[in-house]
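Heads up, target.pdb below (PDB, C-alpha atoms, pLDDT in the B column):
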```
ATOM      1  CA  MET A 103       6.836 -12.164  -1.551  1.00 68.00           C
ATOM      2  CA  ASP A 104       5.882 -11.688  -5.211  1.00 75.00           C
ATOM      3  CA  ILE A 105       3.272 -14.216  -6.332  1.00 85.00           C
ATOM      4  CA  LEU A 106       3.319 -13.455 -10.050  1.00 91.00           C
ATOM      5  CA  SER A 107       6.050 -12.111 -12.267  1.00 92.00           C
ATOM      6  CA  ASP A 108       5.936  -8.466 -13.252  1.00 93.00           C
ATOM      7  CA  SER A 109       5.016  -9.393 -16.832  1.00 96.00           C
ATOM      8  CA  ALA A 110       2.166 -11.607 -15.624  1.00 95.00           C
ATOM      9  CA  GLU A 111       0.830  -8.794 -13.424  1.00 93.00           C
ATOM     10  CA  ARG A 112       1.005  -6.372 -16.335  1.00 95.00           C
ATOM     11  CA  PHE A 113      -0.712  -8.848 -18.652  1.00 96.00           C
ATOM     12  CA  LEU A 114      -3.590  -9.407 -16.231  1.00 96.00           C
ATOM     13  CA  ALA A 115      -4.009  -5.657 -15.705  1.00 95.00           C
ATOM     14  CA  ALA A 116      -3.905  -4.966 -19.440  1.00 97.00           C
ATOM     15  CA  THR A 117      -6.525  -7.607 -20.246  1.00 97.00           C
ATOM     16  CA  ALA A 118      -8.895  -6.933 -17.321  1.00 97.00           C
ATOM     17  CA  PRO A 119     -12.287  -5.361 -18.094  1.00 97.00           C
ATOM     18  CA  GLU A 120     -12.554  -1.598 -18.223  1.00 97.00           C
ATOM     19  CA  HIS A 121     -14.243   0.140 -15.323  1.00 97.00           C
ATOM     20  CA  THR A 122     -17.707   1.565 -15.773  1.00 97.00           C
ATOM     21  CA  PRO A 123     -17.914   5.302 -14.964  1.00 96.00           C
ATOM     22  CA  THR A 124     -19.252   4.496 -11.486  1.00 96.00           C
ATOM     23  CA  GLN A 125     -16.531   1.940 -10.852  1.00 97.00           C
ATOM     24  CA  ALA A 126     -13.919   4.464 -11.977  1.00 97.00           C
ATOM     25  CA  GLU A 127     -15.258   6.916  -9.377  1.00 97.00           C
ATOM     26  CA  MET A 128     -15.120   4.180  -6.748  1.00 97.00           C
ATOM     27  CA  ALA A 129     -11.542   3.302  -7.666  1.00 97.00           C
ATOM     28  CA  ALA A 130     -10.537   6.955  -7.454  1.00 97.00           C
ATOM     29  CA  LEU A 131     -12.123   7.272  -4.011  1.00 96.00           C
ATOM     30  CA  ALA A 132     -10.373   4.087  -2.905  1.00 95.00           C
ATOM     31  CA  ASP A 133      -7.056   5.577  -3.992  1.00 95.00           C
ATOM     32  CA  ASP A 134      -7.793   8.786  -2.088  1.00 95.00           C
ATOM     33  CA  TRP A 135      -8.731   6.872   1.058  1.00 93.00           C
ATOM     34  CA  GLY A 136      -6.006   4.237   0.744  1.00 92.00           C
ATOM     35  CA  PHE A 137      -8.849   1.741   0.772  1.00 91.00           C
ATOM     36  CA  PRO A 138      -8.167  -1.691  -0.776  1.00 91.00           C
ATOM     37  CA  THR A 139     -10.580  -2.974  -3.421  1.00 95.00           C
ATOM     38  CA  ILE A 140     -10.721  -6.322  -5.140  1.00 96.00           C
ATOM     39  CA  GLY A 141      -9.638  -4.681  -8.402  1.00 97.00           C
ATOM     40  CA  PRO A 142     -10.709  -5.352 -12.003  1.00 98.00           C
ATOM     41  CA  GLU A 143      -8.621  -8.513 -12.400  1.00 97.00           C
ATOM     42  CA  ALA A 144     -10.437 -10.322  -9.587  1.00 98.00           C
ATOM     43  CA  GLY A 145     -13.595  -8.355 -10.357  1.00 98.00           C
ATOM     44  CA  ALA A 146     -13.704 -10.039 -13.737  1.00 98.00           C
ATOM     45  CA  VAL A 147     -13.855 -13.399 -11.945  1.00 98.00           C
ATOM     46  CA  LEU A 148     -16.729 -12.208  -9.743  1.00 98.00           C
ATOM     47  CA  ARG A 149     -18.581 -11.066 -12.860  1.00 98.00           C
ATOM     48  CA  LEU A 150     -17.966 -14.441 -14.493  1.00 98.00           C
ATOM     49  CA  LEU A 151     -19.133 -16.394 -11.434  1.00 98.00           C
ATOM     50  CA  ALA A 152     -22.354 -14.380 -11.261  1.00 98.00           C
ATOM     51  CA  ARG A 153     -22.926 -15.116 -14.940  1.00 98.00           C
ATOM     52  CA  LEU A 154     -22.113 -18.832 -14.697  1.00 98.00           C
ATOM     53  CA  THR A 155     -24.372 -19.349 -11.675  1.00 98.00           C
ATOM     54  CA  ALA A 156     -27.171 -17.189 -13.107  1.00 98.00           C
ATOM     55  CA  ALA A 157     -26.991 -15.464  -9.737  1.00 98.00           C
ATOM     56  CA  GLU A 158     -30.184 -14.166  -8.252  1.00 98.00           C
ATOM     57  CA  ARG A 159     -28.941 -13.452  -4.717  1.00 98.00           C
ATOM     58  CA  VAL A 160     -25.429 -12.565  -3.575  1.00 98.00           C
ATOM     59  CA  PHE A 161     -24.273 -11.976   0.004  1.00 98.00           C
ATOM     60  CA  GLU A 162     -21.079 -10.143   0.925  1.00 98.00           C
ATOM     61  CA  PHE A 163     -19.232 -10.310   4.246  1.00 98.00           C
ATOM     62  CA  GLY A 164     -17.562  -6.903   4.139  1.00 97.00           C
ATOM     63  CA  SER A 165     -18.385  -4.538   1.296  1.00 97.00           C
ATOM     64  CA  GLY A 166     -16.819  -1.148   1.919  1.00 95.00           C
ATOM     65  CA  PHE A 167     -18.697   1.195  -0.404  1.00 96.00           C
ATOM     66  CA  GLY A 168     -19.824  -1.587  -2.723  1.00 97.00           C
ATOM     67  CA  TYR A 169     -17.088  -1.886  -5.347  1.00 98.00           C
ATOM     68  CA  SER A 170     -17.139  -5.692  -5.440  1.00 98.00           C
ATOM     69  CA  ALA A 171     -20.929  -5.664  -5.631  1.00 98.00           C
ATOM     70  CA  THR A 172     -20.744  -3.796  -8.939  1.00 98.00           C
ATOM     71  CA  TRP A 173     -18.892  -6.721 -10.503  1.00 98.00           C
ATOM     72  CA  PHE A 174     -21.604  -9.148  -9.438  1.00 98.00           C
ATOM     73  CA  LEU A 175     -24.177  -6.766 -10.870  1.00 98.00           C
ATOM     74  CA  ARG A 176     -22.266  -6.576 -14.155  1.00 98.00           C
ATOM     75  CA  GLY A 177     -22.514 -10.369 -14.243  1.00 98.00           C
ATOM     76  CA  GLY A 178     -26.291 -10.145 -14.072  1.00 98.00           C
ATOM     77  CA  ALA A 179     -26.912 -10.687 -10.352  1.00 98.00           C
ATOM     78  CA  ASP A 180     -30.441  -9.679  -9.438  1.00 98.00           C
ATOM     79  CA  ALA A 181     -29.675  -8.614  -5.868  1.00 98.00           C
ATOM     80  CA  VAL A 182     -26.568  -8.099  -3.746  1.00 98.00           C
ATOM     81  CA  ILE A 183     -26.689  -7.778   0.044  1.00 98.00           C
ATOM     82  CA  CYS A 184     -23.739  -5.682   1.190  1.00 98.00           C
ATOM     83  CA  THR A 185     -22.556  -5.564   4.792  1.00 98.00           C
ATOM     84  CA  GLU A 186     -20.286  -2.903   6.221  1.00 97.00           C
ATOM     85  CA  PHE A 187     -19.399  -1.998   9.789  1.00 95.00           C
ATOM     86  CA  ASP A 188     -18.323   1.550   8.901  1.00 94.00           C
ATOM     87  CA  GLU A 189     -21.430   3.715   8.500  1.00 95.00           C
ATOM     88  CA  GLU A 190     -19.672   6.355   6.392  1.00 94.00           C
ATOM     89  CA  GLU A 191     -18.468   3.759   3.881  1.00 95.00           C
ATOM     90  CA  ALA A 192     -21.963   2.280   3.652  1.00 96.00           C
ATOM     91  CA  LYS A 193     -23.435   5.762   3.050  1.00 96.00           C
ATOM     92  CA  ARG A 194     -21.012   6.286   0.192  1.00 96.00           C
ATOM     93  CA  GLY A 195     -22.064   2.917  -1.191  1.00 97.00           C
ATOM     94  CA  VAL A 196     -25.726   3.909  -1.115  1.00 97.00           C
ATOM     95  CA  GLN A 197     -24.878   7.121  -2.963  1.00 96.00           C
ATOM     96  CA  PHE A 198     -22.825   5.274  -5.582  1.00 97.00           C
ATOM     97  CA  ALA A 199     -25.736   2.878  -6.103  1.00 97.00           C
ATOM     98  CA  ALA A 200     -28.128   5.782  -6.610  1.00 96.00           C
ATOM     99  CA  ASP A 201     -25.766   7.589  -8.963  1.00 93.00           C
ATOM    100  CA  GLY A 202     -25.036   4.393 -10.898  1.00 94.00           C
ATOM    101  CA  GLY A 203     -28.688   3.496 -11.335  1.00 95.00           C
ATOM    102  CA  TYR A 204     -28.621   0.177  -9.487  1.00 96.00           C
ATOM    103  CA  ALA A 205     -30.033   1.167  -6.087  1.00 97.00           C
ATOM    104  CA  ASP A 206     -32.925  -1.258  -6.523  1.00 97.00           C
ATOM    105  CA  ARG A 207     -30.520  -4.199  -6.785  1.00 98.00           C
ATOM    106  CA  VAL A 208     -28.296  -3.483  -3.766  1.00 98.00           C
ATOM    107  CA  THR A 209     -29.047  -3.489  -0.057  1.00 97.00           C
ATOM    108  CA  PHE A 210     -26.545  -2.038   2.433  1.00 97.00           C
ATOM    109  CA  GLU A 211     -26.649  -3.417   5.964  1.00 98.00           C
ATOM    110  CA  VAL A 212     -24.630  -1.470   8.542  1.00 97.00           C
ATOM    111  CA  GLY A 213     -23.166  -3.535  11.360  1.00 96.00           C
ATOM    112  CA  ASP A 214     -21.458  -6.845  12.043  1.00 97.00           C
ATOM    113  CA  ALA A 215     -21.747  -9.117   8.997  1.00 97.00           C
ATOM    114  CA  MET A 216     -21.912 -12.184  11.240  1.00 97.00           C
ATOM    115  CA  GLU A 217     -24.991 -10.751  12.911  1.00 97.00           C
ATOM    116  CA  THR A 218     -26.508  -9.647   9.627  1.00 98.00           C
ATOM    117  CA  ILE A 219     -26.308 -13.087   8.005  1.00 98.00           C
ATOM    118  CA  GLU A 220     -28.391 -14.527  10.835  1.00 97.00           C
ATOM    119  CA  ARG A 221     -31.297 -12.343   9.658  1.00 96.00           C
ATOM    120  CA  TYR A 222     -31.195 -13.647   6.096  1.00 97.00           C
ATOM    121  CA  ASP A 223     -32.406 -16.966   4.822  1.00 94.00           C
ATOM    122  CA  GLY A 224     -30.934 -18.643   1.769  1.00 91.00           C
ATOM    123  CA  PRO A 225     -30.524 -19.737  -0.778  1.00 97.00           C
ATOM    124  CA  PHE A 226     -27.624 -17.641  -2.018  1.00 98.00           C
ATOM    125  CA  ASP A 227     -25.990 -18.254  -5.367  1.00 98.00           C
ATOM    126  CA  VAL A 228     -22.707 -16.498  -4.608  1.00 98.00           C
ATOM    127  CA  VAL A 229     -21.080 -15.359  -1.360  1.00 98.00           C
ATOM    128  CA  LEU A 230     -18.030 -13.131  -0.976  1.00 98.00           C
ATOM    129  CA  ILE A 231     -16.007 -13.261   2.241  1.00 98.00           C
ATOM    130  CA  ASP A 232     -13.860 -10.154   2.593  1.00 97.00           C
ATOM    131  CA  HIS A 233     -14.061  -8.922   6.187  1.00 96.00           C
ATOM    132  CA  GLN A 234     -11.852  -9.672   9.211  1.00 95.00           C
ATOM    133  CA  LYS A 235      -9.479 -12.459   8.204  1.00 97.00           C
ATOM    134  CA  GLY A 236      -9.695 -14.156  11.578  1.00 96.00           C
ATOM    135  CA  ARG A 237     -13.434 -14.649  11.039  1.00 97.00           C
ATOM    136  CA  TYR A 238     -13.317 -16.125   7.532  1.00 98.00           C
ATOM    137  CA  ALA A 239     -13.714 -19.737   8.647  1.00 98.00           C
ATOM    138  CA  GLU A 240     -16.591 -18.800  10.952  1.00 98.00           C
ATOM    139  CA  ALA A 241     -18.306 -16.949   8.111  1.00 98.00           C
ATOM    140  CA  TYR A 242     -17.877 -19.952   5.834  1.00 98.00           C
ATOM    141  CA  ARG A 243     -19.364 -22.380   8.328  1.00 98.00           C
ATOM    142  CA  THR A 244     -22.278 -20.030   9.022  1.00 98.00           C
ATOM    143  CA  VAL A 245     -23.202 -19.325   5.413  1.00 98.00           C
ATOM    144  CA  LEU A 246     -22.557 -22.723   3.802  1.00 98.00           C
ATOM    145  CA  PRO A 247     -26.004 -24.133   4.717  1.00 98.00           C
ATOM    146  CA  LYS A 248     -27.567 -21.090   3.037  1.00 98.00           C
ATOM    147  CA  VAL A 249     -25.713 -21.570  -0.255  1.00 98.00           C
ATOM    148  CA  ARG A 250     -27.488 -23.640  -2.870  1.00 98.00           C
ATOM    149  CA  THR A 251     -25.857 -26.687  -4.387  1.00 98.00           C
ATOM    150  CA  GLY A 252     -23.868 -25.380  -7.328  1.00 98.00           C
ATOM    151  CA  GLY A 253     -23.444 -22.041  -5.608  1.00 98.00           C
ATOM    152  CA  VAL A 254     -20.061 -20.450  -4.995  1.00 98.00           C
ATOM    153  CA  ILE A 255     -18.206 -18.981  -2.019  1.00 98.00           C
ATOM    154  CA  VAL A 256     -15.297 -16.639  -2.765  1.00 98.00           C
ATOM    155  CA  ALA A 257     -12.705 -15.502  -0.210  1.00 98.00           C
ATOM    156  CA  ASP A 258     -10.382 -12.567  -0.910  1.00 98.00           C
ATOM    157  CA  ASN A 259      -6.803 -11.882   0.274  1.00 96.00           C
ATOM    158  CA  VAL A 260      -5.583 -15.478   0.336  1.00 97.00           C
ATOM    159  CA  THR A 261      -2.212 -14.650  -1.271  1.00 96.00           C
ATOM    160  CA  ARG A 262      -1.745 -10.940  -0.609  1.00 94.00           C
ATOM    161  CA  GLY A 263      -2.843  -8.272   1.819  1.00 92.00           C
ATOM    162  CA  PRO A 264      -2.422  -8.050   5.601  1.00 94.00           C
ATOM    163  CA  ILE A 265      -0.900 -11.546   5.644  1.00 95.00           C
ATOM    164  CA  ASP A 266       2.494 -13.240   5.497  1.00 95.00           C
ATOM    165  CA  PHE A 267       2.275 -15.386   2.375  1.00 95.00           C
ATOM    166  CA  GLY A 268       5.568 -17.077   3.168  1.00 95.00           C
ATOM    167  CA  ASP A 269       4.075 -18.440   6.395  1.00 96.00           C
ATOM    168  CA  LEU A 270       1.104 -19.805   4.445  1.00 97.00           C
ATOM    169  CA  VAL A 271       3.371 -21.520   1.924  1.00 96.00           C
ATOM    170  CA  ALA A 272       5.402 -23.082   4.739  1.00 97.00           C
ATOM    171  CA  HIS A 273       2.246 -24.290   6.459  1.00 97.00           C
ATOM    172  CA  PHE A 274       0.662 -25.979   3.460  1.00 97.00           C
ATOM    173  CA  GLU A 275       3.895 -27.194   1.909  1.00 96.00           C
ATOM    174  CA  ASP A 276       5.828 -28.376   4.966  1.00 96.00           C
ATOM    175  CA  GLY A 277       3.274 -28.476   7.777  1.00 96.00           C
ATOM    176  CA  ALA A 278       4.775 -25.535   9.659  1.00 97.00           C
ATOM    177  CA  PRO A 279       2.459 -24.165  12.338  1.00 97.00           C
ATOM    178  CA  LEU A 280       0.384 -21.115  11.586  1.00 96.00           C
ATOM    179  CA  PRO A 281       1.280 -17.926  13.475  1.00 95.00           C
ATOM    180  CA  ASP A 282      -0.020 -17.334  16.976  1.00 96.00           C
ATOM    181  CA  PRO A 283      -3.321 -15.447  16.657  1.00 92.00           C
ATOM    182  CA  GLU A 284      -2.067 -12.832  19.127  1.00 91.00           C
ATOM    183  CA  ILE A 285       0.907 -12.113  16.855  1.00 94.00           C
ATOM    184  CA  ASP A 286      -0.573 -12.459  13.359  1.00 96.00           C
ATOM    185  CA  GLY A 287      -4.280 -13.193  13.422  1.00 96.00           C
ATOM    186  CA  GLU A 288      -4.740 -12.260   9.761  1.00 97.00           C
ATOM    187  CA  THR A 289      -2.328 -14.875   8.412  1.00 97.00           C
ATOM    188  CA  ARG A 290      -3.642 -17.468  10.813  1.00 98.00           C
ATOM    189  CA  GLY A 291      -7.211 -16.687   9.791  1.00 98.00           C
ATOM    190  CA  ILE A 292      -6.469 -17.128   6.093  1.00 98.00           C
ATOM    191  CA  GLY A 293      -4.576 -20.349   6.792  1.00 98.00           C
ATOM    192  CA  GLU A 294      -7.461 -21.721   8.827  1.00 98.00           C
ATOM    193  CA  TYR A 295      -9.924 -20.748   6.122  1.00 98.00           C
ATOM    194  CA  VAL A 296      -7.986 -22.428   3.317  1.00 98.00           C
ATOM    195  CA  GLY A 297      -7.500 -25.513   5.458  1.00 98.00           C
ATOM    196  CA  THR A 298     -11.220 -25.590   6.254  1.00 98.00           C
ATOM    197  CA  VAL A 299     -12.457 -25.436   2.665  1.00 98.00           C
ATOM    198  CA  ARG A 300      -9.807 -27.869   1.413  1.00 97.00           C
ATOM    199  CA  SER A 301     -10.869 -30.472   3.953  1.00 97.00           C
ATOM    200  CA  ASP A 302     -14.638 -30.049   3.485  1.00 98.00           C
ATOM    201  CA  ASP A 303     -16.170 -32.584   1.101  1.00 97.00           C
ATOM    202  CA  ALA A 304     -19.174 -30.292   0.662  1.00 98.00           C
ATOM    203  CA  VAL A 305     -17.150 -28.016  -1.615  1.00 98.00           C
ATOM    204  CA  GLU A 306     -14.491 -28.130  -4.298  1.00 98.00           C
ATOM    205  CA  THR A 307     -11.952 -25.328  -4.076  1.00 98.00           C
ATOM    206  CA  ALA A 308      -9.427 -23.671  -6.377  1.00 98.00           C
ATOM    207  CA  ILE A 309      -7.178 -20.728  -5.566  1.00 97.00           C
ATOM    208  CA  LEU A 310      -6.705 -18.138  -8.288  1.00 97.00           C
ATOM    209  CA  PRO A 311      -3.718 -15.738  -8.038  1.00 95.00           C
ATOM    210  CA  VAL A 312      -5.561 -12.703  -9.378  1.00 96.00           C
ATOM    211  CA  GLY A 313      -5.801  -9.455  -7.462  1.00 94.00           C
ATOM    212  CA  SER A 314      -4.936 -10.294  -3.874  1.00 95.00           C
ATOM    213  CA  GLY A 315      -5.651 -13.983  -4.458  1.00 97.00           C
ATOM    214  CA  ILE A 316      -9.120 -15.494  -4.252  1.00 98.00           C
ATOM    215  CA  ALA A 317     -10.230 -18.924  -3.079  1.00 98.00           C
ATOM    216  CA  VAL A 318     -13.245 -20.100  -5.091  1.00 98.00           C
ATOM    217  CA  SER A 319     -15.306 -22.923  -3.594  1.00 98.00           C
ATOM    218  CA  THR A 320     -18.246 -24.560  -5.335  1.00 98.00           C
ATOM    219  CA  LYS A 321     -20.829 -26.344  -3.191  1.00 98.00           C
ATOM    220  CA  VAL A 322     -21.233 -29.881  -4.504  1.00 98.00           C
ATOM    221  CA  GLU A 323     -23.422 -31.410  -1.794  1.00 86.00           C
TER     222      GLU A 323
END
```
Encoding of this model in structure tokens:
Amino acid sequence: MDILSDSAERFLAATAPEHTPTQAEMAALADDWGFPTIGPEAGAVLRLLARLTAAERVFEFGSGFGYSATWFLRGGADAVICTEFDEEEAKRGVQFAADGGYADRVTFEVGDAMETIERYDGPFDVVLIDHQKGRYAEAYRTVLPKVRTGGVIVADNVTRGPIDFGDLVAHFEDGAPLPDPEIDGETRGIGEYVGTVRSDDAVETAILPVGSGIAVSTKVE
């Protein structure tokens, strides 16, 4: 299902920020590997959120080789904690950070992001959730107490990716049940996440149809 018209997609791509040389290398590697990245359209939003929150500390659930982290850094974030289960991807991220001159602002943690977050205290200014879709809601509930009031939680792939967007529309528009987790855990996970943040008075949430769709939640209490 197409979310935006072709002209809207082209407009967003044409007006998105240019990649830095390091980001261009990352994007090329992602193309070679068939590895999805958040892209410059959504990356521009991450950069803006880091700037608007005057971000000092950012935590990412799922980082790959650190492409999304570079957008937070371009927004002035002092430090980004990246988590990645795949050791090879994390090693490439460390090398990109060294080559790009920002190694002192990025930490790569190899392993389960849900275990890693338990070893970090807040407060965080911005959090990105971009790991297993079935664990989004769990990640949100775990990290929310560590996000400062006025801080932001961003979730990727809420309109596109390994999900059935039509099922999500039917669920939120007509109350249709979400897919069985054994059949489509990704779509169910995104649906549960969106339902969780929409019903939580601690945050205010907006969904932006850029990139693969991001849900942006601001902590208000």
>> Could you tell me, as a ChimeraX atom specification, exactly which residues end up selected when the PyMOL selection byres ((chain A and resi 231-246) around 7) is applied to this structure?
In response: /A:162-164,216,229-230,247-249,256-258,287-288,290-292,294-295,298
>> Once the PyMOL selection byres ((chain A and resi 227) around 7) has been evaluated on this model, what residues remain selected, and can you format them as a VMD selection string?
In response: chain A and resid 155 157 to 160 225 to 226 228 to 229 249 to 250 253 to 254
>> Please report the interatomic distance between atom CA of Val322 of chain A and atom CA of Ala144 of chain A in Å with one decimal.
In response: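 Interatomic distance here is 22.9 Å.
For the pair atom CA of Thr117 of chain A and atom CA of Gly166 of chain A, the interatomic distance is 25.3 Å.
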> If you count only C-alpha atoms, which residues fall within 10 Å of segment 206-208 of chain A, apart from same-chain ones fewer than 3 positions away, as a count of residues only?
Replying inline: 18
> When distances are computed from all atoms listed in the file, which of A:Ala215, A:Leu280, A:Ala110, A:Ala126 shows the smallest separation from Val312 of chain A?
Replying inline: A:Ala110
> Between A:Glu190, A:Phe198, A:Thr289, A:Gly213, which has the minimum distance to Ala272 of chain A (counting only C-alpha atoms)?
Replying inline: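 Answer, going by the shortest atom-to-atom distance: A:Thr289.
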>> Evaluated on this file, the PyMOL selection byres ((chain A and resi 259) around 9) picks out some residues - which ones are they, written as a list in words?
In response: Ile140, Asp232, Lys235, Ala257, Asp258, Val260, Thr261, Arg262, Gly263, Pro264, Ile265, Ile292, Gly313, Ser314, Gly315, Ile316 and Ala317 of chain A
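With atom CA of Gln197 of chain A on one side and atom CA of Gly145 of chain A on the other, the separation reads 20.5 Å.
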Size and centre in Å, one decimal, axis-aligned box, all listed segment 147-153 of chain A atoms plus 3 Å per side, as JSON:
```
{"center_x": -18.4, "center_y": -13.7, "center_z": -12.3, "size_x": 15.1, "size_y": 11.3, "size_z": 11.2}
```
>> Just checking: using all atoms listed in the file, which residue out of A:Glu323, A:Glu143, A:Glu284, A:Val305 ends up closest to Phe113 of chain A?
In response: A:Glu143
> For Gly177 of chain A, which residue among A:Ala130, A:Ala156, A:Ile255, A:Leu114 is the nearest when counting all atoms listed in the file?
Replying inline: A:Ala156
> With distances taken over all atoms listed in the file, which of A:Phe167, A:Phe267, A:Tyr222, A:Phe161 is nearest to Leu131 of chain A?
Replying inline: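 Among the listed residues, the smallest separation from Leu131 of chain A belongs to A:Phe167.
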Generate N, CA, C and O atoms for segment 230-246 of chain A and emit them as a PDB file, in the coordinates of the input.
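Contents of selection28.pdb, freshly written:
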```pdb
ATOM      1  N   LEU A 230     -19.384 -13.661  -1.041  1.00 98.00           N
ATOM      2  CA  LEU A 230     -18.030 -13.131  -0.976  1.00 98.00           C
ATOM      3  C   LEU A 230     -17.659 -12.915   0.483  1.00 98.00           C
ATOM      4  O   LEU A 230     -18.395 -12.267   1.226  1.00 98.00           O
ATOM      5  N   ILE A 231     -16.520 -13.462   0.886  1.00 98.00           N
ATOM      6  CA  ILE A 231     -16.007 -13.261   2.241  1.00 98.00           C
ATOM      7  C   ILE A 231     -14.792 -12.350   2.145  1.00 98.00           C
ATOM      8  O   ILE A 231     -13.766 -12.712   1.568  1.00 98.00           O
ATOM      9  N   ASP A 232     -14.922 -11.152   2.718  1.00 97.00           N
ATOM     10  CA  ASP A 232     -13.860 -10.154   2.593  1.00 97.00           C
ATOM     11  C   ASP A 232     -13.901  -9.199   3.770  1.00 97.00           C
ATOM     12  O   ASP A 232     -13.837  -7.984   3.607  1.00 97.00           O
ATOM     13  N   HIS A 233     -14.042  -9.774   4.988  1.00 96.00           N
ATOM     14  CA  HIS A 233     -14.061  -8.922   6.187  1.00 96.00           C
ATOM     15  C   HIS A 233     -12.839  -9.280   7.052  1.00 96.00           C
ATOM     16  O   HIS A 233     -11.755  -9.475   6.496  1.00 96.00           O
ATOM     17  N   GLN A 234     -12.998  -9.356   8.354  1.00 95.00           N
ATOM     18  CA  GLN A 234     -11.852  -9.672   9.211  1.00 95.00           C
ATOM     19  C   GLN A 234     -11.350 -11.079   8.915  1.00 95.00           C
ATOM     20  O   GLN A 234     -12.108 -12.041   8.951  1.00 95.00           O
ATOM     21  N   LYS A 235     -10.042 -11.187   8.645  1.00 97.00           N
ATOM     22  CA  LYS A 235      -9.479 -12.459   8.204  1.00 97.00           C
ATOM     23  C   LYS A 235      -9.622 -13.551   9.260  1.00 97.00           C
ATOM     24  O   LYS A 235      -9.811 -14.718   8.924  1.00 97.00           O
ATOM     25  N   GLY A 236      -9.557 -13.169  10.512  1.00 96.00           N
ATOM     26  CA  GLY A 236      -9.695 -14.156  11.578  1.00 96.00           C
ATOM     27  C   GLY A 236     -11.079 -14.745  11.692  1.00 96.00           C
ATOM     28  O   GLY A 236     -11.271 -15.735  12.414  1.00 96.00           O
ATOM     29  N   ARG A 237     -12.058 -14.171  10.962  1.00 97.00           N
ATOM     30  CA  ARG A 237     -13.434 -14.649  11.039  1.00 97.00           C
ATOM     31  C   ARG A 237     -13.880 -15.325   9.736  1.00 97.00           C
ATOM     32  O   ARG A 237     -15.040 -15.671   9.583  1.00 97.00           O
ATOM     33  N   TYR A 238     -12.957 -15.505   8.804  1.00 98.00           N
ATOM     34  CA  TYR A 238     -13.317 -16.125   7.532  1.00 98.00           C
ATOM     35  C   TYR A 238     -13.916 -17.515   7.718  1.00 98.00           C
ATOM     36  O   TYR A 238     -14.953 -17.845   7.130  1.00 98.00           O
ATOM     37  N   ALA A 239     -13.239 -18.355   8.485  1.00 98.00           N
ATOM     38  CA  ALA A 239     -13.714 -19.737   8.647  1.00 98.00           C
ATOM     39  C   ALA A 239     -15.082 -19.759   9.315  1.00 98.00           C
ATOM     40  O   ALA A 239     -15.959 -20.556   8.944  1.00 98.00           O
ATOM     41  N   GLU A 240     -15.290 -18.885  10.288  1.00 98.00           N
ATOM     42  CA  GLU A 240     -16.591 -18.800  10.952  1.00 98.00           C
ATOM     43  C   GLU A 240     -17.667 -18.375   9.962  1.00 98.00           C
ATOM     44  O   GLU A 240     -18.783 -18.920   9.957  1.00 98.00           O
ATOM     45  N   ALA A 241     -17.345 -17.397   9.112  1.00 98.00           N
ATOM     46  CA  ALA A 241     -18.306 -16.949   8.111  1.00 98.00           C
ATOM     47  C   ALA A 241     -18.653 -18.081   7.152  1.00 98.00           C
ATOM     48  O   ALA A 241     -19.819 -18.276   6.800  1.00 98.00           O
ATOM     49  N   TYR A 242     -17.648 -18.821   6.744  1.00 98.00           N
ATOM     50  CA  TYR A 242     -17.877 -19.952   5.834  1.00 98.00           C
ATOM     51  C   TYR A 242     -18.813 -20.979   6.457  1.00 98.00           C
ATOM     52  O   TYR A 242     -19.794 -21.410   5.825  1.00 98.00           O
ATOM     53  N   ARG A 243     -18.529 -21.368   7.677  1.00 98.00           N
ATOM     54  CA  ARG A 243     -19.364 -22.380   8.328  1.00 98.00           C
ATOM     55  C   ARG A 243     -20.790 -21.885   8.535  1.00 98.00           C
ATOM     56  O   ARG A 243     -21.752 -22.663   8.442  1.00 98.00           O
ATOM     57  N   THR A 244     -20.949 -20.594   8.800  1.00 98.00           N
ATOM     58  CA  THR A 244     -22.278 -20.030   9.022  1.00 98.00           C
ATOM     59  C   THR A 244     -23.088 -19.959   7.740  1.00 98.00           C
ATOM     60  O   THR A 244     -24.287 -20.258   7.723  1.00 98.00           O
ATOM     61  N   VAL A 245     -22.449 -19.578   6.642  1.00 98.00           N
ATOM     62  CA  VAL A 245     -23.202 -19.325   5.413  1.00 98.00           C
ATOM     63  C   VAL A 245     -23.361 -20.567   4.537  1.00 98.00           C
ATOM     64  O   VAL A 245     -24.287 -20.619   3.713  1.00 98.00           O
ATOM     65  N   LEU A 246     -22.499 -21.557   4.692  1.00 98.00           N
ATOM     66  CA  LEU A 246     -22.557 -22.723   3.802  1.00 98.00           C
ATOM     67  C   LEU A 246     -23.957 -23.346   3.716  1.00 98.00           C
ATOM     68  O   LEU A 246     -24.411 -23.669   2.610  1.00 98.00           O
TER      69      LEU A 246
END
```
